file my_file_7.cif (mmCIF, C-alpha atoms)
data_target
#
loop_
_atom_site.label_atom_id
_atom_site.label_comp_id
_atom_site.auth_asym_id
_atom_site.auth_seq_id
_atom_site.Cartn_x
_atom_site.Cartn_y
_atom_site.Cartn_z
CA MET P 138 -2.48 -60.66 26.00
CA PHE P 139 0.21 -60.77 23.35
CA ARG P 140 3.44 -59.38 24.84
CA ILE P 141 6.74 -58.46 23.22
CA ASP P 142 9.70 -59.74 25.16
CA PRO P 143 12.21 -56.87 25.62
CA HIS P 144 15.02 -59.42 25.79
CA PRO P 145 14.31 -62.03 23.13
CA PRO P 146 16.60 -64.99 22.80
CA SER P 147 19.45 -64.54 20.35
CA GLN P 148 18.21 -66.13 17.14
CA SER P 149 18.77 -65.27 13.52
CA PRO P 150 15.89 -63.70 11.53
CA ALA P 151 15.90 -66.69 9.23
CA ARG P 152 15.34 -69.05 12.14
CA LEU P 153 12.50 -66.90 13.46
CA LEU P 154 10.72 -66.41 10.11
CA ARG P 155 11.54 -69.76 8.48
CA PRO P 156 10.77 -68.53 4.92
CA TRP P 157 11.38 -71.96 3.42
CA ALA P 158 8.45 -73.35 5.41
CA VAL P 159 6.14 -70.75 3.85
CA LEU P 160 7.38 -71.44 0.32
CA GLU P 161 6.84 -75.17 0.72
CA ARG P 162 3.15 -74.52 1.36
CA LEU P 163 2.78 -71.96 -1.48
CA ARG P 164 3.30 -73.90 -4.67
CA PRO P 165 3.98 -71.96 -7.91
CA ALA P 166 0.44 -72.54 -9.23
CA ARG P 167 -1.00 -70.92 -6.13
CA LEU P 168 1.35 -67.95 -6.44
CA VAL P 169 0.21 -67.43 -10.03
CA ALA P 170 -3.44 -67.64 -9.00
CA PHE P 171 -2.83 -65.15 -6.19
CA HIS P 172 -1.13 -62.76 -8.61
CA GLN P 173 -4.01 -63.04 -11.09
CA GLN P 174 -6.61 -62.42 -8.39
CA LEU P 175 -4.67 -59.44 -7.06
CA ARG P 176 -4.52 -58.00 -10.59
CA GLU P 177 -8.31 -58.38 -10.93
CA TYR P 178 -8.83 -56.55 -7.62
CA GLU P 179 -6.47 -53.75 -8.64
CA ARG P 180 -8.27 -53.25 -11.93
CA LEU P 181 -11.67 -53.32 -10.27
CA SER P 182 -10.45 -50.78 -7.72
CA LEU P 183 -9.15 -48.52 -10.50
CA GLY P 184 -12.41 -48.71 -12.43
CA LEU P 185 -14.44 -47.87 -9.32
CA SER P 186 -12.08 -44.99 -8.51
CA LEU P 187 -12.65 -43.50 -11.96
CA ILE P 188 -16.41 -43.75 -11.58
CA GLN P 189 -16.26 -42.30 -8.08
CA HIS P 190 -14.14 -39.37 -9.27
CA HIS P 191 -16.03 -38.51 -12.46
CA PHE P 192 -19.55 -39.85 -11.80
CA PRO P 193 -19.96 -40.26 -8.01
CA ALA P 194 -23.75 -40.65 -8.22
CA ALA P 195 -23.26 -43.80 -10.32
CA LEU P 196 -21.64 -45.63 -7.38
CA VAL P 197 -25.13 -46.53 -6.17
CA ASP P 198 -24.97 -49.39 -8.69
CA TYR P 199 -22.05 -50.94 -6.80
CA ASP P 200 -23.45 -51.71 -3.36
CA ASP P 201 -22.62 -55.38 -3.98
CA LEU P 202 -19.27 -56.15 -5.61
CA SER P 203 -19.54 -59.91 -5.46
CA GLY P 204 -19.05 -61.30 -8.94
CA LYS P 205 -18.46 -57.82 -10.38
CA GLY P 206 -15.76 -57.80 -13.06
CA TRP P 207 -13.46 -54.84 -13.67
CA TRP P 208 -14.40 -54.90 -17.37
CA GLU P 209 -17.99 -54.15 -16.35
CA THR P 210 -16.87 -50.97 -14.60
CA LEU P 211 -14.96 -49.96 -17.74
CA ALA P 212 -18.03 -50.52 -19.93
CA HIS P 213 -20.18 -48.61 -17.42
CA LEU P 214 -17.68 -45.73 -17.40
CA ALA P 215 -17.68 -45.60 -21.19
CA ASN P 216 -21.47 -45.44 -21.32
CA LEU P 217 -21.53 -42.68 -18.70
CA VAL P 218 -19.08 -40.66 -20.78
CA GLU P 219 -21.32 -40.87 -23.84
CA GLU P 220 -24.44 -40.05 -21.80
CA VAL P 221 -22.95 -36.70 -20.79
CA GLU P 222 -21.42 -36.25 -24.29
CA TRP P 223 -17.83 -35.72 -23.19
CA PHE P 224 -16.66 -37.44 -26.37
CA GLU P 225 -17.50 -40.46 -28.49
CA ILE P 226 -16.16 -43.78 -27.23
CA ASN P 227 -14.08 -45.82 -29.64
CA TRP P 228 -16.18 -48.97 -29.30
CA PRO P 229 -14.42 -50.83 -32.14
CA ILE P 230 -11.12 -50.52 -30.25
CA LEU P 231 -12.70 -51.77 -27.02
CA ASN P 232 -14.41 -54.65 -28.84
CA GLU P 233 -11.16 -55.59 -30.54
CA ALA P 234 -9.35 -55.66 -27.19
CA TRP P 235 -12.16 -57.80 -25.75
CA SER P 236 -11.89 -60.17 -28.73
CA HIS P 237 -8.13 -60.57 -28.13
CA TRP P 238 -8.89 -61.58 -24.56
CA MET P 239 -11.67 -64.00 -25.45
CA ASN P 240 -9.63 -65.69 -28.17
CA ASP P 241 -6.61 -66.29 -25.95
CA PRO P 242 -7.60 -65.70 -22.31
CA GLU P 243 -4.52 -67.31 -20.77
CA GLU P 244 -2.02 -65.35 -22.84
CA GLU P 245 -3.97 -62.09 -23.16
CA GLN P 246 -5.40 -61.84 -19.60
CA GLY P 247 -7.30 -58.72 -20.58
CA ASP P 248 -4.15 -56.60 -20.76
CA HIS P 249 -5.14 -54.76 -23.96
CA LEU P 250 -8.57 -53.94 -22.58
CA ALA P 251 -7.20 -52.89 -19.18
CA VAL P 252 -5.09 -50.22 -20.90
CA PHE P 253 -8.27 -48.15 -21.17
CA LEU P 254 -8.56 -47.94 -17.40
CA HIS P 255 -5.59 -45.60 -17.76
CA TYR P 256 -6.15 -44.05 -21.20
CA LEU P 257 -9.23 -42.65 -22.92
CA PRO P 258 -10.85 -44.92 -25.52
CA VAL P 259 -11.64 -41.85 -27.59
CA THR P 260 -12.73 -41.76 -31.22
CA LEU P 261 -10.59 -39.44 -33.34
CA TYR P 262 -11.81 -38.46 -36.79
CA GLY P 263 -8.67 -37.72 -38.73
CA PHE P 264 -8.30 -39.01 -42.28
CA THR P 265 -5.27 -40.89 -43.51
CA ASP P 266 -4.15 -39.84 -46.97
CA GLY P 267 -4.83 -43.32 -48.27
CA GLU P 268 -7.76 -45.62 -47.74
CA SER P 269 -9.79 -43.61 -45.23
CA LEU P 270 -9.99 -40.62 -47.59
CA PHE P 271 -10.98 -42.88 -50.48
CA GLU P 272 -14.06 -43.90 -48.49
CA PHE P 273 -15.42 -40.34 -48.54
CA PRO P 274 -15.15 -38.85 -52.06
CA PRO P 275 -16.15 -35.26 -51.10
CA MET P 276 -13.30 -35.12 -48.55
CA GLU P 277 -10.92 -36.82 -50.97
CA LEU P 278 -11.78 -34.16 -53.53
CA LEU P 279 -11.04 -31.34 -51.06
CA HIS P 280 -7.77 -33.00 -50.10
CA THR P 281 -6.75 -33.55 -53.72
CA LEU P 282 -7.44 -29.97 -54.74
CA LEU P 283 -6.22 -28.18 -51.62
CA ALA P 284 -3.54 -30.18 -49.78
CA ARG P 285 -0.13 -28.52 -49.80
CA CYS P 286 1.65 -31.86 -49.61
CA GLU P 287 2.27 -34.02 -52.66
CA ILE P 288 -0.77 -36.15 -53.44
CA GLN P 289 0.31 -39.78 -53.45
CA ALA P 290 -2.75 -41.26 -55.17
CA VAL P 291 -6.22 -40.36 -56.37
CA SER P 292 -8.94 -42.99 -56.49
CA SER P 293 -10.37 -43.93 -59.86
CA GLN P 294 -13.85 -43.35 -58.42
CA LEU P 295 -13.05 -39.68 -57.82
CA LEU P 296 -11.65 -39.23 -61.32
CA VAL P 297 -14.71 -40.85 -62.91
CA GLU P 298 -17.28 -38.92 -60.88
CA THR P 299 -15.64 -35.51 -61.32
CA GLU P 300 -14.20 -35.97 -64.83
CA LEU P 301 -10.94 -34.43 -63.64
CA TYR P 302 -8.56 -36.61 -65.64
CA ASP P 303 -6.93 -33.78 -67.60
CA ASN P 304 -7.67 -30.91 -65.22
CA LEU P 305 -5.77 -32.46 -62.32
CA GLU P 306 -2.58 -32.63 -64.39
CA GLN P 307 -2.80 -28.86 -64.93
CA TRP P 308 -3.84 -28.04 -61.34
CA ASP P 309 -0.77 -26.49 -59.69
CA GLU P 310 0.27 -24.63 -56.54
CA GLY P 311 -1.03 -21.34 -57.89
CA ASP P 312 -4.45 -22.87 -58.40
CA ARG P 313 -4.37 -24.18 -54.83
CA ASP P 314 -3.52 -20.72 -53.55
CA SER P 315 -6.46 -19.25 -55.44
CA ALA P 316 -8.79 -21.91 -54.04
CA TRP P 317 -7.64 -21.17 -50.49
CA LYS P 318 -8.19 -17.47 -51.09
CA LEU P 319 -11.76 -18.25 -52.09
CA LEU P 320 -12.24 -20.11 -48.82
CA GLU P 321 -10.72 -17.19 -46.92
CA GLN P 322 -13.22 -14.86 -48.60
CA ILE P 323 -16.05 -17.09 -47.43
CA GLU P 324 -14.85 -16.84 -43.84
CA ALA P 325 -14.27 -13.10 -44.11
CA ASP P 326 -17.79 -12.38 -45.38
CA PRO P 327 -19.99 -15.44 -44.63
CA GLY P 328 -23.22 -13.49 -45.18
CA ARG P 329 -22.64 -13.58 -48.92
CA TYR P 330 -22.82 -17.37 -49.03
CA THR P 331 -25.36 -20.04 -48.27
CA GLU P 332 -25.16 -21.85 -44.93
CA PRO P 333 -23.61 -25.08 -46.29
CA VAL P 334 -20.89 -23.17 -48.13
CA ARG P 335 -19.91 -21.32 -44.96
CA TRP P 336 -18.67 -24.66 -43.63
CA LEU P 337 -16.41 -25.32 -46.62
CA PRO P 338 -13.29 -23.68 -45.13
CA GLU P 339 -13.40 -25.87 -42.04
CA LEU P 340 -14.23 -28.97 -44.07
CA ALA P 341 -11.26 -28.19 -46.32
CA ARG P 342 -8.93 -27.80 -43.34
CA TRP P 343 -10.22 -31.10 -41.97
CA ALA P 344 -9.52 -32.87 -45.27
CA CYS P 345 -5.98 -31.41 -45.22
CA HIS P 346 -5.25 -32.05 -41.51
CA ARG P 347 -5.08 -28.34 -40.76
CA THR P 348 -7.88 -27.67 -38.26
CA GLY P 349 -5.61 -27.59 -35.21
CA ASN P 350 -8.19 -29.81 -33.49
CA VAL P 351 -6.82 -33.20 -32.42
CA MET P 352 -10.28 -34.69 -32.85
CA LEU P 353 -10.25 -33.89 -36.57
CA ASP P 354 -6.58 -33.94 -37.49
CA GLN P 355 -5.41 -37.20 -35.97
CA VAL P 356 -6.23 -40.89 -36.14
CA PHE P 357 -6.12 -43.07 -33.02
CA ASP P 358 -3.84 -46.07 -33.45
CA PRO P 359 -3.54 -48.13 -30.23
CA TYR P 360 -0.87 -50.39 -31.68
CA HIS P 361 1.63 -47.67 -32.55
CA ASP P 362 1.77 -44.16 -31.12
CA GLY P 363 -1.78 -43.33 -30.10
CA PRO P 364 -2.11 -40.43 -29.51
CA TRP P 365 -2.79 -41.38 -25.88
CA PHE P 366 -4.87 -39.27 -23.49
CA THR P 367 -5.26 -40.19 -19.83
CA TRP P 368 -8.25 -39.87 -17.51
CA ARG P 369 -6.51 -36.94 -15.79
CA GLU P 370 -8.39 -33.65 -15.74
CA GLY P 371 -5.99 -31.86 -18.12
CA ASP P 372 -6.34 -34.48 -20.86
CA LEU P 373 -10.08 -34.76 -20.29
CA LEU P 374 -10.53 -31.01 -20.66
CA GLN P 375 -8.56 -31.01 -23.92
CA ILE P 376 -10.63 -33.85 -25.37
CA LYS P 377 -13.98 -32.47 -24.20
CA THR P 378 -13.13 -29.07 -25.71
CA ALA P 379 -11.98 -30.69 -28.96
CA TRP P 380 -15.19 -32.72 -29.19
CA ARG P 381 -17.40 -29.69 -28.51
CA ARG P 382 -15.75 -27.84 -31.39
CA ALA P 383 -15.56 -30.83 -33.72
CA LYS P 384 -19.14 -32.10 -33.40
CA PRO P 385 -20.80 -29.35 -35.52
CA VAL P 386 -18.23 -29.93 -38.28
CA ILE P 387 -18.83 -33.67 -38.17
CA ASP P 388 -22.58 -33.08 -38.43
CA VAL P 389 -22.08 -30.91 -41.52
CA PHE P 390 -19.77 -33.56 -42.98
CA GLN P 391 -22.57 -36.11 -42.62
CA ARG P 392 -24.91 -33.76 -44.49
CA LEU P 393 -22.31 -33.33 -47.24
CA LEU P 394 -21.90 -37.10 -47.51
CA HIS P 395 -25.67 -37.67 -47.80
CA TRP P 396 -25.87 -34.96 -50.45
CA TYR P 397 -23.19 -36.72 -52.46
CA GLU P 398 -24.78 -40.16 -52.00
CA ARG P 399 -28.17 -38.91 -53.19
CA ASP P 400 -26.62 -37.91 -56.51
CA THR P 401 -22.94 -38.59 -57.18
CA SER P 402 -22.94 -35.91 -59.90
CA ASN P 403 -23.06 -33.39 -57.03
CA LEU P 404 -19.35 -33.99 -56.67
CA MET P 405 -18.81 -32.17 -59.97
CA LYS P 406 -20.64 -29.14 -58.56
CA LEU P 407 -18.32 -29.10 -55.56
CA ALA P 408 -15.25 -29.44 -57.78
CA ASP P 409 -16.44 -26.62 -60.04
CA PHE P 410 -16.97 -24.29 -57.10
CA ILE P 411 -13.55 -24.97 -55.58
CA MET P 412 -11.74 -24.69 -58.92
CA ASN P 413 -13.71 -21.90 -60.58
CA GLY P 414 -15.75 -20.19 -57.88
CA GLY P 415 -18.99 -21.33 -59.48
CA ASN P 416 -22.56 -20.91 -58.31
CA CYS P 417 -22.68 -21.63 -54.58
CA ASN P 418 -26.48 -22.02 -54.62
CA GLU P 419 -26.03 -25.48 -56.10
CA LEU P 420 -24.16 -26.58 -52.97
CA ASP P 421 -27.29 -27.25 -50.96
CA TRP P 422 -26.43 -30.17 -48.71
#
call {"tool": "encode", "arguments": {"input": "my_file_7.cif", "output": "structure tokens"}}
result
Amino acid sequence: MFRIDPHPPSQSPARLLRPWAVLERLRPARLVAFHQQLREYERLSLGLSLIQHHFPAALVDYDDLSGKGWWETLAHLANLVEEVEWFEINWPILNEAWSHWMNDPEEEQGDHLAVFLHYLPVTLYGFTDGESLFEFPPMELLHTLLARCEIQAVSSQLLVETELYDNLEQWDEGDRDSAWKLLEQIEADPGRYTEPVRWLPELARWACHRTGNVMLDQVFDPYHDGPWFTWREGDLLQIKTAWRRAKPVIDVFQRLLHWYERDTSNLMKLADFIMNGGNCNELDW
């Protein structure tokens, strides 16, 4: 039996432990490999912990961990999130992080992808005032006519399709106020308006970053300031609530976009209604 001597001989700790003997056997390459393997285990453990916490029934797929990569648990977690419709996963961001890793595995080491073991890879649907608005002319029109901030640029496509060349120069803050009052009237008495038009106030707030819903007002930028939400319950609840409220608006936006794409002259009908309170029956997306 191993026994501890209560009166050990007087020797220095260095003589007893002989650390230099250990370091001679552990060459730097082996230390690096050990560190890399430990990092892989830590990431795998974190991914499994997230699945265990949020989707415990899914652990049945992990009875054998041999050859299981931590990135597989992250992909599995992301798919589970979409199955229960907590929010939409930002797959382009995950794929971009994966591409960084594949293109330079030694330098990247999966660090960009591993970030999403800590933070939600969530899709946010905010519009930037520049290019992203230009991609969706109906939302660009709402932003141009209703935004309180100074409009930096208007796409030539919007000007051509709405014939607003001269009218925009005369459109001032008073006109914006009148347009917002029209939208307020729609919300105050929705029964007077067709179902698509009842969504115009929320679509207008979305185009102007005024919904108060992070899902609709902000854009996710992983290379600057996020915004970043963790897998903690508080952040998850905020995002799930935001998605539940945003999804109907996003669905209506898709209908509006299809309506515009079927006939681009429909954009003139939308402009006329916002600017003059025209016939809402023509807004039938």
call {"tool": "resolve_selection", "arguments": {"input": "my_file_7.cif", "expression": "the PyMOL selection byres ((chain P and resi 298) around 10)", "output": "compact mmCIF listing (two decimals) with C-alpha atoms, in the frame of the given file"}}
result
# COMPACT_ATOMS: atom_id res chain seq x y z
CA PRO P 274 -15.15 -38.85 -52.06
CA SER P 293 -10.37 -43.93 -59.86
CA GLN P 294 -13.85 -43.35 -58.42
CA LEU P 295 -13.05 -39.68 -57.82
CA LEU P 296 -11.65 -39.23 -61.32
CA VAL P 297 -14.71 -40.85 -62.91
CA THR P 299 -15.64 -35.51 -61.32
CA GLU P 300 -14.20 -35.97 -64.83
CA LEU P 301 -10.94 -34.43 -63.64
CA THR P 401 -22.94 -38.59 -57.18
CA SER P 402 -22.94 -35.91 -59.90
CA ASN P 403 -23.06 -33.39 -57.03
CA LEU P 404 -19.35 -33.99 -56.67
CA MET P 405 -18.81 -32.17 -59.97
call {"tool": "residues_around", "arguments": {"input": "my_file_7.cif", "residues": "Pro359 (chain P)", "least_positions_apart": "2", "cutoff": "12 Å", "atoms": "all atoms listed in the file", "output": "ChimeraX atom specification"}}
result
/P:227,229-231,233-234,249-250,252-253,256-261,356-357,361-366
call {"tool": "atom_distance", "arguments": {"input": "my_file_7.cif", "atom1": "CA of Ile188 (chain P)", "atom2": "CA of Asn216 (chain P)"}}
result
11.1 Å
call {"tool": "resolve_selection", "arguments": {"input": "my_file_7.cif", "expression": "the PyMOL selection byres ((chain P and resi 280-284) around 12)", "output": "PyMOL selection string"}}
result
chain P and resi 264-267+269-271+273-279+285-292+295-296+299+301+304-320+337-338+340-347+407-413
call {"tool": "closest_residue", "arguments": {"input": "my_file_7.cif", "among": "P:Ser182, P:Asp248, P:Glu209, P:Gly263", "to": "Thr348 (chain P)", "atoms": "only C-alpha atoms"}}
result
P:Gly263
call {"tool": "resolve_selection", "arguments": {"input": "my_file_7.cif", "expression": "the PyMOL selection byres ((chain P and resi 211) around 9)", "output": "VMD selection string"}}
result
chain P and resid 181 184 to 185 187 to 188 207 to 210 212 to 216 250 to 251 253 to 254
call {"tool": "atom_distance", "arguments": {"input": "my_file_7.cif", "atom1": "CA of Ser186 (chain P)", "atom2": "CA of Asp201 (chain P)"}}
result
15.5 Å
call {"tool": "closest_residue", "arguments": {"input": "my_file_7.cif", "among": "P:Phe224, P:Arg180, P:Trp422, P:Lys377", "to": "Thr331 (chain P)", "atoms": "all atoms listed in the file"}}
result
P:Trp422
call {"tool": "residues_around", "arguments": {"input": "my_file_7.cif", "residues": "Val334 (chain P)", "least_positions_apart": "4", "cutoff": "12 Å", "atoms": "only C-alpha atoms", "output": "mmCIF file with C-alpha atoms, in the coordinates of the input"}}
result
data_model
loop_
_atom_site.group_PDB
_atom_site.id
_atom_site.type_symbol
_atom_site.label_atom_id
_atom_site.label_comp_id
_atom_site.auth_asym_id
_atom_site.auth_seq_id
_atom_site.Cartn_x
_atom_site.Cartn_y
_atom_site.Cartn_z
ATOM 1 C CA LEU P 319 -11.760 -18.250 -52.090
ATOM 2 C CA LEU P 320 -12.240 -20.110 -48.820
ATOM 3 C CA GLU P 321 -10.720 -17.190 -46.920
ATOM 4 C CA GLN P 322 -13.220 -14.860 -48.600
ATOM 5 C CA ILE P 323 -16.050 -17.090 -47.430
ATOM 6 C CA GLU P 324 -14.850 -16.840 -43.840
ATOM 7 C CA ASP P 326 -17.790 -12.380 -45.380
ATOM 8 C CA PRO P 327 -19.990 -15.440 -44.630
ATOM 9 C CA GLY P 328 -23.220 -13.490 -45.180
ATOM 10 C CA ARG P 329 -22.640 -13.580 -48.920
ATOM 11 C CA TYR P 330 -22.820 -17.370 -49.030
ATOM 12 C CA PRO P 338 -13.290 -23.680 -45.130
ATOM 13 C CA GLU P 339 -13.400 -25.870 -42.040
ATOM 14 C CA LEU P 340 -14.230 -28.970 -44.070
ATOM 15 C CA ALA P 341 -11.260 -28.190 -46.320
ATOM 16 C CA VAL P 389 -22.080 -30.910 -41.520
ATOM 17 C CA PHE P 390 -19.770 -33.560 -42.980
ATOM 18 C CA ARG P 392 -24.910 -33.760 -44.490
ATOM 19 C CA LEU P 393 -22.310 -33.330 -47.240
ATOM 20 C CA LEU P 407 -18.320 -29.100 -55.560
ATOM 21 C CA PHE P 410 -16.970 -24.290 -57.100
ATOM 22 C CA ILE P 411 -13.550 -24.970 -55.580
ATOM 23 C CA GLY P 414 -15.750 -20.190 -57.880
ATOM 24 C CA GLY P 415 -18.990 -21.330 -59.480
ATOM 25 C CA ASN P 416 -22.560 -20.910 -58.310
ATOM 26 C CA CYS P 417 -22.680 -21.630 -54.580
ATOM 27 C CA ASN P 418 -26.480 -22.020 -54.620
ATOM 28 C CA GLU P 419 -26.030 -25.480 -56.100
ATOM 29 C CA LEU P 420 -24.160 -26.580 -52.970
ATOM 30 C CA ASP P 421 -27.290 -27.250 -50.960
ATOM 31 C CA TRP P 422 -26.430 -30.170 -48.710
#
call {"tool": "atom_distance", "arguments": {"input": "my_file_7.cif", "atom1": "CA of Phe192 (chain P)", "atom2": "CA of Val218 (chain P)"}}
result
9.0 Å
call {"tool": "closest_residue", "arguments": {"input": "my_file_7.cif", "among": "P:His237, P:Arg369, P:Arg176, P:His395", "to": "His191 (chain P)", "atoms": "all atoms listed in the file"}}
result
P:Arg369
call {"tool": "decode", "arguments": {"input": "my_file_7.cif", "residues": "region 188-227 of chain P", "atoms": "C-alpha atoms", "output": "mmCIF file, in the first residue's frame"}}
result
data_model
loop_
_atom_site.group_PDB
_atom_site.id
_atom_site.type_symbol
_atom_site.label_atom_id
_atom_site.label_comp_id
_atom_site.auth_asym_id
_atom_site.auth_seq_id
_atom_site.Cartn_x
_atom_site.Cartn_y
_atom_site.Cartn_z
ATOM 1 C CA ILE P 188 -27.920 20.549 -26.285
ATOM 2 C CA GLN P 189 -28.398 18.915 -22.896
ATOM 3 C CA HIS P 190 -29.742 22.144 -21.413
ATOM 4 C CA HIS P 191 -32.050 23.212 -24.242
ATOM 5 C CA PHE P 192 -32.882 19.914 -26.003
ATOM 6 C CA PRO P 193 -32.141 17.064 -23.553
ATOM 7 C CA ALA P 194 -34.030 14.472 -25.625
ATOM 8 C CA ALA P 195 -31.577 15.048 -28.496
ATOM 9 C CA LEU P 196 -28.685 13.630 -26.446
ATOM 10 C CA VAL P 197 -29.751 10.160 -27.559
ATOM 11 C CA ASP P 198 -27.787 10.882 -30.750
ATOM 12 C CA TYR P 199 -24.555 11.119 -28.763
ATOM 13 C CA ASP P 200 -24.155 7.689 -27.190
ATOM 14 C CA ASP P 201 -20.843 7.365 -29.056
ATOM 15 C CA LEU P 202 -18.585 10.422 -29.113
ATOM 16 C CA SER P 203 -15.697 8.831 -30.942
ATOM 17 C CA GLY P 204 -14.890 10.911 -33.989
ATOM 18 C CA LYS P 205 -17.586 13.461 -33.115
ATOM 19 C CA GLY P 206 -16.514 17.035 -33.881
ATOM 20 C CA TRP P 207 -17.675 20.025 -31.858
ATOM 21 C CA TRP P 208 -18.797 21.744 -35.081
ATOM 22 C CA GLU P 209 -21.273 18.893 -35.593
ATOM 23 C CA THR P 210 -22.895 19.648 -32.246
ATOM 24 C CA LEU P 211 -23.143 23.323 -33.234
ATOM 25 C CA ALA P 212 -24.819 22.432 -36.539
ATOM 26 C CA HIS P 213 -27.160 20.033 -34.716
ATOM 27 C CA LEU P 214 -28.041 22.726 -32.171
ATOM 28 C CA ALA P 215 -28.780 25.213 -34.948
ATOM 29 C CA ASN P 216 -31.099 22.763 -36.692
ATOM 30 C CA LEU P 217 -32.903 22.003 -33.430
ATOM 31 C CA VAL P 218 -33.481 25.723 -32.893
ATOM 32 C CA GLU P 219 -35.109 26.080 -36.301
ATOM 33 C CA GLU P 220 -37.207 22.933 -35.810
ATOM 34 C CA VAL P 221 -38.876 24.472 -32.759
ATOM 35 C CA GLU P 222 -38.955 27.920 -34.453
ATOM 36 C CA TRP P 223 -37.141 29.849 -31.739
ATOM 37 C CA PHE P 224 -35.632 32.088 -34.407
ATOM 38 C CA GLU P 225 -34.045 31.815 -37.839
ATOM 39 C CA ILE P 226 -30.406 30.757 -37.887
ATOM 40 C CA ASN P 227 -27.988 33.009 -39.723
#
